[in-house]
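Heads up, target08.txt below (compact mmCIF, C-alpha atoms and all ligand atoms):
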```
# COMPACT_ATOMS: atom_id res chain seq x y z
CA MET A 1 -39.99 20.66 -25.11
CA THR A 2 -40.92 23.42 -22.70
CA ILE A 3 -43.91 25.62 -23.32
CA ASP A 4 -41.48 28.48 -24.03
CA GLY A 5 -39.78 26.36 -26.69
CA LEU A 6 -43.13 25.65 -28.35
CA LEU A 7 -44.23 29.26 -28.30
CA GLY A 8 -40.89 30.75 -29.24
CA ALA A 9 -39.21 33.49 -27.26
CA ALA A 10 -41.25 36.54 -26.36
CA PRO A 11 -40.44 39.42 -28.71
CA ALA A 12 -37.66 41.62 -27.38
CA GLY A 13 -37.38 45.31 -28.25
CA PRO A 14 -38.14 46.16 -31.88
CA SER A 15 -35.41 45.87 -34.50
CA ASN A 16 -34.52 49.22 -36.05
CA SER A 17 -35.90 48.20 -39.43
CA GLU A 18 -39.47 48.01 -38.16
CA LEU A 19 -39.36 51.19 -36.10
CA VAL A 20 -39.89 54.52 -37.83
CA GLN A 21 -37.39 56.93 -36.33
CA LEU A 22 -36.37 60.41 -37.50
CA LEU A 23 -34.45 61.55 -34.43
CA THR A 24 -32.10 59.23 -32.56
CA PRO A 25 -31.78 59.27 -28.77
CA GLU A 26 -28.48 61.11 -29.31
CA GLY A 27 -30.29 63.88 -31.16
CA GLU A 28 -29.16 62.95 -34.68
CA ARG A 29 -31.60 63.46 -37.52
CA THR A 30 -32.24 60.43 -39.73
CA GLU A 31 -34.33 60.10 -42.87
CA HIS A 32 -37.06 57.62 -43.71
CA PRO A 33 -38.13 57.22 -47.36
CA GLU A 34 -41.84 57.02 -46.50
CA TYR A 35 -41.84 59.85 -43.98
CA PRO A 36 -40.07 62.91 -45.33
CA LEU A 37 -40.27 65.78 -42.84
CA ASP A 38 -39.13 69.33 -43.15
CA LEU A 39 -39.30 71.41 -40.00
CA SER A 40 -38.27 75.03 -39.56
CA PRO A 41 -36.09 75.96 -36.56
CA GLU A 42 -39.12 77.75 -35.05
CA GLU A 43 -41.18 74.58 -35.30
CA VAL A 44 -38.49 72.51 -33.57
CA ARG A 45 -38.18 75.09 -30.81
CA ALA A 46 -41.97 75.08 -30.43
CA PHE A 47 -41.88 71.29 -30.01
CA TYR A 48 -39.24 71.65 -27.32
CA ARG A 49 -41.40 74.19 -25.50
CA ASP A 50 -44.48 71.92 -25.73
CA LEU A 51 -42.54 68.95 -24.39
CA VAL A 52 -41.03 70.86 -21.46
CA LEU A 53 -44.30 72.50 -20.47
CA VAL A 54 -46.40 69.33 -20.53
CA ARG A 55 -43.76 67.53 -18.50
CA ARG A 56 -43.93 70.38 -16.01
CA MET A 57 -47.71 70.17 -15.88
CA ASP A 58 -47.39 66.47 -15.17
CA PHE A 59 -44.75 67.01 -12.50
CA GLU A 60 -46.86 69.64 -10.73
CA ALA A 61 -49.99 67.48 -10.90
CA THR A 62 -48.14 64.54 -9.35
CA ALA A 63 -46.82 66.81 -6.59
CA LEU A 64 -50.30 68.27 -6.01
CA GLN A 65 -51.69 64.77 -5.62
CA ARG A 66 -48.96 63.95 -3.10
CA HIS A 67 -50.04 67.04 -1.13
CA GLY A 68 -53.63 65.77 -1.14
CA GLU A 69 -54.84 68.43 -3.58
CA LEU A 70 -55.80 65.95 -6.33
CA GLY A 71 -57.61 62.67 -5.77
CA ILE A 72 -55.44 60.83 -8.26
CA TRP A 73 -53.22 61.59 -11.26
CA ALA A 74 -52.28 59.46 -14.30
CA SER A 75 -48.82 60.58 -15.33
CA LEU A 76 -47.67 60.95 -18.93
CA LEU A 77 -43.99 60.96 -17.95
CA GLY A 78 -41.98 59.45 -20.83
CA GLN A 79 -44.85 59.69 -23.32
CA GLU A 80 -44.55 63.40 -24.10
CA ALA A 81 -43.21 62.94 -27.64
CA ALA A 82 -45.87 60.39 -28.59
CA GLN A 83 -48.57 62.83 -27.49
CA ILE A 84 -47.12 66.12 -28.75
CA GLY A 85 -45.98 64.63 -32.08
CA SER A 86 -49.36 63.06 -32.81
CA GLY A 87 -51.32 65.96 -31.30
CA ARG A 88 -49.57 68.52 -33.48
CA ALA A 89 -50.35 66.38 -36.56
CA LEU A 90 -54.07 67.09 -36.14
CA ALA A 91 -55.95 69.48 -38.37
CA GLU A 92 -58.49 71.75 -36.71
CA GLY A 93 -61.50 69.77 -37.94
CA ASP A 94 -60.19 66.38 -36.78
CA MET A 95 -61.72 64.83 -33.67
CA VAL A 96 -59.80 63.24 -30.81
CA PHE A 97 -60.92 60.50 -28.45
CA PRO A 98 -58.46 60.24 -25.54
CA SER A 99 -58.13 57.69 -22.76
CA TYR A 100 -57.15 59.18 -19.36
CA ARG A 101 -53.45 59.95 -19.88
CA GLU A 102 -53.51 62.25 -22.91
CA HIS A 103 -52.62 65.50 -21.17
CA GLY A 104 -50.13 66.34 -23.94
CA VAL A 105 -52.76 65.94 -26.65
CA ALA A 106 -55.16 68.04 -24.57
CA TRP A 107 -52.46 70.71 -24.50
CA CYS A 108 -52.22 70.61 -28.30
CA ARG A 109 -56.01 71.01 -28.52
CA GLY A 110 -55.91 74.15 -26.41
CA ILE A 111 -57.52 72.66 -23.31
CA ASP A 112 -56.80 74.75 -20.23
CA PRO A 113 -54.57 72.57 -17.99
CA MET A 114 -56.77 73.64 -15.08
CA ALA A 115 -59.65 71.74 -16.70
CA LEU A 116 -57.54 68.58 -16.43
CA LEU A 117 -56.65 69.29 -12.81
CA SER A 118 -60.26 70.00 -11.89
CA LEU A 119 -61.26 66.56 -13.16
CA PHE A 120 -58.61 64.84 -11.07
CA ARG A 121 -59.44 67.08 -8.10
CA GLY A 122 -62.98 65.81 -8.38
CA VAL A 123 -64.66 69.20 -8.63
CA ASP A 124 -66.15 68.57 -12.07
CA TYR A 125 -66.56 65.80 -14.63
CA GLY A 126 -64.03 67.13 -17.11
CA GLY A 127 -64.26 70.83 -17.49
CA TRP A 128 -64.03 71.29 -21.24
CA ASP A 129 -66.47 71.36 -24.11
CA PRO A 130 -65.60 68.43 -26.43
CA ALA A 131 -67.33 70.10 -29.38
CA ARG A 132 -65.42 73.35 -28.97
CA HIS A 133 -62.00 71.74 -28.79
CA ASN A 134 -62.70 68.64 -30.90
CA PHE A 135 -61.34 66.70 -27.95
CA HIS A 136 -63.67 64.24 -26.29
CA LEU A 137 -63.84 63.80 -22.52
CA TYR A 138 -61.40 61.37 -20.91
CA THR A 139 -62.53 57.74 -20.93
CA ILE A 140 -61.56 55.53 -18.03
CA VAL A 141 -63.24 52.38 -19.34
CA VAL A 142 -60.20 50.82 -21.00
CA GLY A 143 -60.63 50.73 -24.79
CA GLY A 144 -64.26 51.95 -24.80
CA GLN A 145 -63.32 55.13 -26.66
CA THR A 146 -62.16 53.17 -29.73
CA LEU A 147 -65.78 52.25 -30.41
CA HIS A 148 -66.96 55.82 -29.84
CA ALA A 149 -64.24 57.01 -32.21
CA THR A 150 -65.13 54.51 -34.89
CA GLY A 151 -68.80 55.39 -34.70
CA TYR A 152 -67.94 59.08 -34.86
CA ALA A 153 -65.68 58.47 -37.87
CA MET A 154 -68.49 56.60 -39.62
CA GLY A 155 -70.67 59.63 -38.95
CA LEU A 156 -68.11 61.96 -40.54
CA GLN A 157 -68.00 59.61 -43.51
CA ARG A 158 -71.77 59.69 -43.89
CA ASP A 159 -71.87 63.47 -43.56
CA GLY A 160 -69.22 63.75 -46.27
CA THR A 161 -66.95 65.75 -43.93
CA GLU A 162 -63.30 65.68 -44.88
CA ALA A 163 -61.89 65.14 -41.40
CA ALA A 164 -60.34 62.27 -39.50
CA VAL A 165 -60.61 60.85 -35.99
CA LEU A 166 -57.59 60.10 -33.82
CA VAL A 167 -58.16 57.71 -30.94
CA TYR A 168 -55.69 56.96 -28.16
CA PHE A 169 -55.39 53.78 -26.13
CA GLY A 170 -52.72 51.65 -24.50
CA ASP A 171 -51.00 48.32 -25.06
CA GLY A 172 -53.22 46.68 -22.46
CA ALA A 173 -56.33 47.99 -24.18
CA THR A 174 -55.48 46.01 -27.32
CA SER A 175 -56.61 42.89 -25.46
CA GLN A 176 -60.06 44.34 -24.88
CA GLY A 177 -62.99 43.16 -26.95
CA ASP A 178 -64.05 46.76 -27.60
CA VAL A 179 -60.78 47.55 -29.36
CA ASN A 180 -60.95 44.47 -31.56
CA GLU A 181 -64.57 45.20 -32.41
CA ALA A 182 -63.61 48.77 -33.31
CA PHE A 183 -60.90 47.41 -35.61
CA VAL A 184 -63.44 45.23 -37.41
CA TRP A 185 -65.97 48.04 -37.88
CA ALA A 186 -63.36 50.58 -38.92
CA SER A 187 -61.90 48.15 -41.40
CA VAL A 188 -65.02 46.94 -43.17
CA PHE A 189 -66.56 50.42 -43.30
CA ASN A 190 -63.25 52.00 -44.27
CA ALA A 191 -63.81 54.56 -41.52
CA PRO A 192 -61.57 57.65 -41.33
CA VAL A 193 -60.07 56.75 -37.97
CA VAL A 194 -56.45 56.49 -36.85
CA PHE A 195 -55.84 54.13 -33.94
CA PHE A 196 -52.96 55.49 -31.88
CA CYS A 197 -51.70 52.89 -29.44
CA GLN A 198 -49.15 54.15 -26.96
CA ASN A 199 -47.31 50.98 -26.14
CA ASN A 200 -45.77 52.14 -22.87
CA GLN A 201 -44.80 48.52 -22.09
CA TRP A 202 -47.13 48.20 -19.10
CA ALA A 203 -50.82 47.87 -18.33
CA ILE A 204 -50.58 48.69 -14.63
CA SER A 205 -48.42 45.72 -13.50
CA GLU A 206 -48.97 43.57 -16.60
CA PRO A 207 -46.07 43.63 -19.10
CA GLN A 208 -46.80 43.98 -22.79
CA GLU A 209 -45.54 40.40 -23.39
CA LYS A 210 -48.77 39.30 -21.75
CA GLN A 211 -50.85 41.18 -24.32
CA SER A 212 -49.43 39.82 -27.55
CA ARG A 213 -46.94 37.36 -29.00
CA ILE A 214 -46.46 39.54 -32.05
CA PRO A 215 -45.63 43.25 -32.25
CA LEU A 216 -48.89 45.12 -31.73
CA TYR A 217 -48.76 47.05 -35.01
CA GLN A 218 -48.81 43.74 -36.90
CA ARG A 219 -52.28 43.04 -35.53
CA ALA A 220 -53.72 45.54 -38.02
CA ARG A 221 -52.89 43.30 -40.96
CA GLY A 222 -55.25 40.62 -39.74
CA PHE A 223 -58.05 43.18 -39.63
CA GLY A 224 -57.25 44.37 -43.13
CA PHE A 225 -55.62 47.76 -42.67
CA PRO A 226 -52.05 49.02 -42.35
CA GLY A 227 -50.11 49.10 -39.11
CA VAL A 228 -46.91 50.98 -38.39
CA ARG A 229 -44.58 51.08 -35.43
CA VAL A 230 -43.02 54.42 -34.61
CA ASP A 231 -40.44 55.43 -32.05
CA GLY A 232 -42.81 56.89 -29.49
CA ASN A 233 -40.01 58.89 -27.88
CA ASP A 234 -39.27 60.65 -31.16
CA VAL A 235 -41.51 63.68 -31.57
CA PHE A 236 -40.54 64.16 -35.24
CA ALA A 237 -41.38 60.57 -36.21
CA CYS A 238 -44.67 60.65 -34.27
CA LEU A 239 -45.62 63.83 -36.12
CA ALA A 240 -44.74 62.45 -39.56
CA VAL A 241 -46.37 59.06 -39.10
CA THR A 242 -49.58 60.46 -37.61
CA ARG A 243 -49.82 63.23 -40.18
CA LYS A 244 -49.63 60.70 -42.99
CA ALA A 245 -52.18 58.35 -41.44
CA LEU A 246 -54.64 61.20 -40.77
CA GLN A 247 -54.29 62.46 -44.32
CA ALA A 248 -54.90 58.94 -45.68
CA ALA A 249 -58.02 58.71 -43.51
CA ARG A 250 -59.30 62.09 -44.71
CA GLU A 251 -58.75 61.01 -48.32
CA GLY A 252 -60.90 57.95 -47.91
CA GLN A 253 -58.14 55.37 -47.51
CA GLY A 254 -59.51 54.08 -44.23
CA PRO A 255 -57.94 53.33 -40.87
CA THR A 256 -54.33 52.91 -39.76
CA LEU A 257 -52.99 51.46 -36.53
CA ILE A 258 -50.01 53.35 -35.17
CA GLU A 259 -48.06 51.68 -32.39
CA ALA A 260 -45.97 54.30 -30.64
CA TYR A 261 -43.25 52.35 -28.90
CA THR A 262 -42.54 54.19 -25.67
CA TYR A 263 -42.27 53.73 -21.92
CA ARG A 264 -44.32 54.74 -18.92
CA MET A 265 -41.54 56.18 -16.76
CA GLY A 266 -43.71 56.76 -13.71
CA PRO A 267 -46.31 54.73 -11.86
CA HIS A 268 -49.56 53.75 -13.61
CA THR A 269 -51.28 56.37 -11.47
CA THR A 270 -50.42 57.92 -8.14
CA THR A 271 -52.09 54.91 -6.47
CA ASP A 272 -49.51 52.54 -7.95
CA ASP A 273 -46.00 51.51 -6.86
CA PRO A 274 -44.08 50.11 -9.85
CA THR A 275 -41.08 49.08 -7.73
CA ARG A 276 -43.21 46.09 -6.71
CA TYR A 277 -43.28 44.59 -10.20
CA ARG A 278 -40.51 45.97 -12.39
CA LEU A 279 -36.78 46.44 -12.24
CA GLU A 280 -35.11 49.80 -11.80
CA SER A 281 -32.67 48.85 -14.60
CA GLU A 282 -35.53 48.91 -17.12
CA LEU A 283 -36.32 52.51 -16.22
CA GLU A 284 -32.63 53.43 -16.35
CA ALA A 285 -32.38 52.02 -19.89
CA TRP A 286 -35.37 54.06 -21.04
CA LYS A 287 -34.04 57.25 -19.43
CA LEU A 288 -31.34 57.14 -22.11
CA LYS A 289 -34.09 57.42 -24.72
CA ASP A 290 -35.75 60.41 -23.07
CA PRO A 291 -38.02 62.24 -25.54
CA ILE A 292 -37.05 65.74 -24.40
CA GLU A 293 -33.31 65.26 -24.12
CA ARG A 294 -33.02 64.22 -27.74
CA VAL A 295 -34.77 67.35 -29.01
CA LYS A 296 -32.54 69.45 -26.78
CA ALA A 297 -29.45 67.65 -28.12
CA TYR A 298 -30.65 68.23 -31.69
CA LEU A 299 -31.25 71.94 -31.05
CA ILE A 300 -27.79 72.38 -29.55
CA ARG A 301 -26.04 70.18 -32.12
CA ARG A 302 -27.56 72.16 -34.99
CA GLN A 303 -27.10 75.46 -33.17
CA LEU A 304 -30.82 76.15 -33.41
CA ALA A 305 -31.05 77.19 -29.78
CA ASP A 306 -28.67 78.73 -27.30
CA GLN A 307 -28.55 78.81 -23.53
CA SER A 308 -30.71 81.91 -23.39
CA PHE A 309 -33.55 80.14 -25.26
CA LEU A 310 -33.28 77.08 -23.00
CA GLY A 311 -33.21 79.30 -19.92
CA GLU A 312 -36.26 81.19 -21.14
CA ILE A 313 -38.23 77.96 -21.49
CA ASP A 314 -37.18 76.90 -18.01
CA ARG A 315 -38.36 80.24 -16.64
CA GLU A 316 -41.67 79.89 -18.46
CA ALA A 317 -42.05 76.38 -17.01
CA ASP A 318 -41.38 77.72 -13.48
CA GLU A 319 -44.03 80.40 -13.89
CA PHE A 320 -46.45 77.90 -15.39
CA GLY A 321 -45.87 75.52 -12.46
CA ALA A 322 -46.46 78.27 -9.90
CA ARG A 323 -49.68 79.28 -11.67
CA LEU A 324 -50.94 75.69 -11.69
CA ARG A 325 -50.24 75.21 -7.99
CA LYS A 326 -51.96 78.46 -7.04
CA SER A 327 -55.03 77.99 -9.24
CA CYS A 328 -55.52 74.37 -8.23
CA VAL A 329 -55.92 75.08 -4.53
CA GLN A 330 -58.21 78.02 -5.28
CA MET A 331 -60.72 76.00 -7.30
CA PRO A 332 -64.25 76.40 -5.93
CA GLU A 333 -65.88 73.34 -4.43
CA PRO A 334 -69.05 72.28 -6.27
CA PRO A 335 -72.35 72.43 -4.32
CA PRO A 336 -73.11 68.89 -3.03
CA MET A 337 -76.43 68.65 -4.89
CA SER A 338 -74.77 69.29 -8.25
CA ILE A 339 -73.71 65.64 -8.35
CA PHE A 340 -77.21 64.87 -9.59
CA ASP A 341 -76.97 67.28 -12.53
CA HIS A 342 -76.31 66.04 -16.06
CA VAL A 343 -76.84 62.35 -15.23
CA PHE A 344 -79.83 62.07 -17.56
CA VAL A 345 -81.12 64.54 -20.11
CA GLY A 346 -84.56 64.49 -18.51
CA GLU A 347 -86.03 63.68 -15.12
CA HIS A 348 -85.56 60.07 -13.94
CA PRO A 349 -87.74 58.76 -11.07
CA ILE A 350 -85.02 56.73 -9.32
CA LEU A 351 -82.53 59.56 -9.52
CA ALA A 352 -85.16 62.03 -8.32
CA GLU A 353 -85.81 59.82 -5.28
CA GLU A 354 -82.10 59.58 -4.51
CA ARG A 355 -81.72 63.34 -4.91
CA ASP A 356 -84.59 64.05 -2.51
CA GLY A 357 -83.17 61.57 -0.01
CA PHE A 358 -79.73 63.16 -0.16
CA GLU A 359 -81.23 66.64 0.19
CA ALA A 360 -83.08 65.56 3.32
CA TYR A 361 -79.91 63.96 4.67
CA LEU A 362 -77.91 67.16 4.18
CA ALA A 363 -80.69 69.20 5.77
CA SER A 364 -80.45 67.01 8.88
CA PHE A 365 -77.09 68.61 9.71
CA ALA A 366 -77.12 71.80 11.76
CA ASP A 367 -75.16 73.61 9.03
CA GLY A 368 -77.20 72.09 6.19
CA GLY A 369 -74.32 69.81 5.21
CA ARG A 370 -72.07 72.66 4.11
C1 LIG A 401 -62.79 47.88 -18.91
C2 LIG A 401 -61.78 48.19 -17.84
N1 LIG A 401 -61.11 47.17 -17.27
C3 LIG A 401 -60.18 47.42 -16.33
C4 LIG A 401 -59.92 48.71 -15.93
C5 LIG A 401 -58.86 49.00 -14.88
N2 LIG A 401 -57.68 49.56 -15.57
C6 LIG A 401 -57.48 50.89 -15.61
S1 LIG A 401 -56.12 51.27 -16.50
C7 LIG A 401 -55.77 49.66 -16.81
C8 LIG A 401 -54.56 49.28 -17.62
C9 LIG A 401 -54.56 49.86 -18.99
O1 LIG A 401 -53.31 49.66 -19.59
P1 LIG A 401 -52.98 50.23 -21.02
O2 LIG A 401 -54.11 49.98 -21.94
O3 LIG A 401 -51.66 49.70 -21.41
O4 LIG A 401 -52.92 51.82 -20.81
P2 LIG A 401 -51.90 52.66 -19.89
O5 LIG A 401 -52.57 52.83 -18.55
O6 LIG A 401 -50.63 51.94 -19.82
O7 LIG A 401 -51.79 54.00 -20.56
C10 LIG A 401 -56.72 48.83 -16.22
C11 LIG A 401 -56.70 47.37 -16.30
C12 LIG A 401 -60.68 49.74 -16.53
N3 LIG A 401 -60.50 51.02 -16.20
N4 LIG A 401 -61.58 49.46 -17.50
MG MG A 402 -49.81 50.57 -21.24
```
Can you turn what I pasted into structure tokens?
Ligand SMILES: Cc1ncc(C[n+]2csc(CCOP(=O)(O)OP(=O)(O)O)c2C)c(N)n1
Ligand SMILES: [Mg+2]
Amino acid sequence: MTIDGLLGAAPAGPSNSELVQLLTPEGERTEHPEYPLDLSPEEVRAFYRDLVLVRRMDFEATALQRHGELGIWASLLGQEAAQIGSGRALAEGDMVFPSYREHGVAWCRGIDPMALLSLFRGVDYGGWDPARHNFHLYTIVVGGQTLHATGYAMGLQRDGTEAAVLVYFGDGATSQGDVNEAFVWASVFNAPVVFFCQNNQWAISEPQEKQSRIPLYQRARGFGFPGVRVDGNDVFACLAVTRKALQAAREGQGPTLIEAYTYRMGPHTTTDDPTRYRLESELEAWKLKDPIERVKAYLIRRQLADQSFLGEIDREADEFGARLRKSCVQMPEPPPMSIFDHVFVGEHPILAEERDGFEAYLASFADGGR
């Protein structure tokens, strides 16, 4: 018997029965007994606007990077519904721990898109106040934020605060020790944390089949808490599933793992070339499940929006894009010495020595290193 025969075939796409879906790729509304959802036409239109604008932000950021205006960009293309649906499920007092791709969630938390661009332009370390927005700084260390989130949730629990924590990570991150440790702690302490895994099928060039032989949401059971798989390209389902899990967490029912089944339509980051490791046909198949097109189809099908509304959103996106491009190139450069600020709370002798050395180095230039 071959090794494949012994292990069984790798899981293919999810069967419909295990995937929570409330809006089909064709834009038809479906019901799920555990996730009733009632949205007003204004709310659906607002979702459409969110989705279009964050895609535009992403598009502009990618283009800015290609023009050399950003050092790097991690695109959310294809994951808009997972992020807007879950992001809009948050209550004001909930806390978010993102990875590095959660631009749509940042949008929902009221973070100025320029603060995201400034980080990727390298002119600051993440230009927002996590406490003001209840949105932590981006974490590049894959999976590390799940431990921060769990610790924070345990703090909320001890303070008796009725709020939940929502932490984002990817399919690849589920293989990290940190994530598994976070699952253990969250489980045994019944911490009010929702683990939101965007399974975008790829961890750079590593396919999700190399992360797990079982669907990722089923992992939760072994840790002792519920797991659910949601159509990550369905903004309604992502909203309903996340809302329920956050409420359960706030009510003291402990953690939930949500696996949002989606697809990274672009490269891992602008440094990556996915044509080297995956087939174009895969992308073409996922384009048919586009998260924005299905909301648009629903709006038109139900006559909740007309061409003038759609045109208005397109115009707003054009203006938004122009504003982003203009503001990005006008961002002030930080003074070179500011790189030493905020490293430690107090003075540190090694850092002080390095700072003095760098200062002397800059002074050795005729223009003082400016
Ligand atoms: C601890 C650690 N190991 C490796 C890396 C390099 N790295 C950056 S992103 C990434 C893949 C992550 O994939 P996934 O968790 O699926 O998230 P996605 O990028 O697909 O959103 C890797 C290996 C890192 N940043 N941190
Ligand atoms: Mg991934």
Axis-aligned box for all listed atoms of region 210-226 of chain A, 6 Å per side, centre and edges in Å to one decimal, as JSON:
```
{"center_x": -51.8, "center_y": 43.2, "center_z": -32.4, "size_x": 24.4, "size_y": 23.7, "size_z": 33.4}
```
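Minimum distance to ligand MG 402 (chain A) across A:Val343, A:Ala260, A:Met331, A:Ile300 (counting all atoms listed in the file) occurs at A:Ala260.
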Proximity check region 26-66 of chain A to region 115-120 of chain A, 12 Å, nearest pairs one decimal Å, only C-alpha atoms, as JSON lines:
```
{"residue": "A:Val54", "atom": "CA", "partner": "A:Leu116", "partner_atom": "CA", "distance": 11.9}
{"residue": "A:Met57", "atom": "CA", "partner": "A:Leu117", "partner_atom": "CA", "distance": 9.5}
{"residue": "A:Asp58", "atom": "CA", "partner": "A:Leu117", "partner_atom": "CA", "distance": 10.0}
{"residue": "A:Glu60", "atom": "CA", "partner": "A:Leu117", "partner_atom": "CA", "distance": 10.0}
{"residue": "A:Ala61", "atom": "CA", "partner": "A:Leu117", "partner_atom": "CA", "distance": 7.2}
{"residue": "A:Thr62", "atom": "CA", "partner": "A:Leu117", "partner_atom": "CA", "distance": 10.3}
{"residue": "A:Ala63", "atom": "CA", "partner": "A:Leu117", "partner_atom": "CA", "distance": 11.9}
{"residue": "A:Leu64", "atom": "CA", "partner": "A:Leu117", "partner_atom": "CA", "distance": 9.4}
{"residue": "A:Gln65", "atom": "CA", "partner": "A:Phe120", "partner_atom": "CA", "distance": 8.8}
```
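A straight line drawn from CA of Ala285 (chain A) to CA of Ile204 (chain A) is 19.2 Å long.
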- Find the spatial neighbours of Ala245 (chain A), counting all atoms listed in the file, within a cut-off of 8 Å - ignore same-chain residues fewer than 2 positions away - and output them as a VMD selection string. chain A and resid 194 241 to 243 247 to 249 255 to 256
Within 8 Å of region 183-190 of chain A, which residues of region 236-334 of chain A show up? Give each one with its shortest atom-to-atom distance in Å (one decimal) and the two atoms involved, counting only C-alpha atoms, rows by chain then rising residue number, as a tab-separated table.
```
residue	atom	partner	partner_atom	distance
A:Gly252	CA	A:Asn190	CA	7.4
A:Gln253	CA	A:Asn190	CA	6.9
A:Gly254	CA	A:Asn190	CA	4.3
A:Pro255	CA	A:Ala186	CA	6.4
```
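Closest approach to Ala153 (chain A) among A:Asp231, A:Asp124, A:Glu181, A:Asp94 is made by A:Asp94 (distances from all atoms listed in the file).
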Mind listing the residues within 9 Å of ligand MG 402 (chain A), only C-alpha atoms and all ligand atoms counted, as a tab-separated table (two decimals) with C-alpha atoms, in the frame of the given file?
```tsv
chain	number	residue	atom	x	y	z
A	169	PHE	CA	-55.39	53.78	-26.13
A	170	GLY	CA	-52.72	51.65	-24.50
A	171	ASP	CA	-51.00	48.32	-25.06
A	172	GLY	CA	-53.22	46.68	-22.46
A	173	ALA	CA	-56.33	47.99	-24.18
A	197	CYS	CA	-51.70	52.89	-29.44
A	198	GLN	CA	-49.15	54.15	-26.96
A	199	ASN	CA	-47.31	50.98	-26.14
A	200	ASN	CA	-45.77	52.14	-22.87
A	201	GLN	CA	-44.80	48.52	-22.09
A	202	TRP	CA	-47.13	48.20	-19.10
A	203	ALA	CA	-50.82	47.87	-18.33
A	204	ILE	CA	-50.58	48.69	-14.63
A	206	GLU	CA	-48.97	43.57	-16.60
A	207	PRO	CA	-46.07	43.63	-19.10
A	208	GLN	CA	-46.80	43.98	-22.79
A	263	TYR	CA	-42.27	53.73	-21.92
A	264	ARG	CA	-44.32	54.74	-18.92
A	268	HIS	CA	-49.56	53.75	-13.61
```
- Identify which of the residues A:Glu102, A:Glu359, A:Asp234, A:Glu347 lies closest to ligand LIG 401 (chain A), counting all atoms listed in the file when measuring atom-to-atom distances. A:Glu102
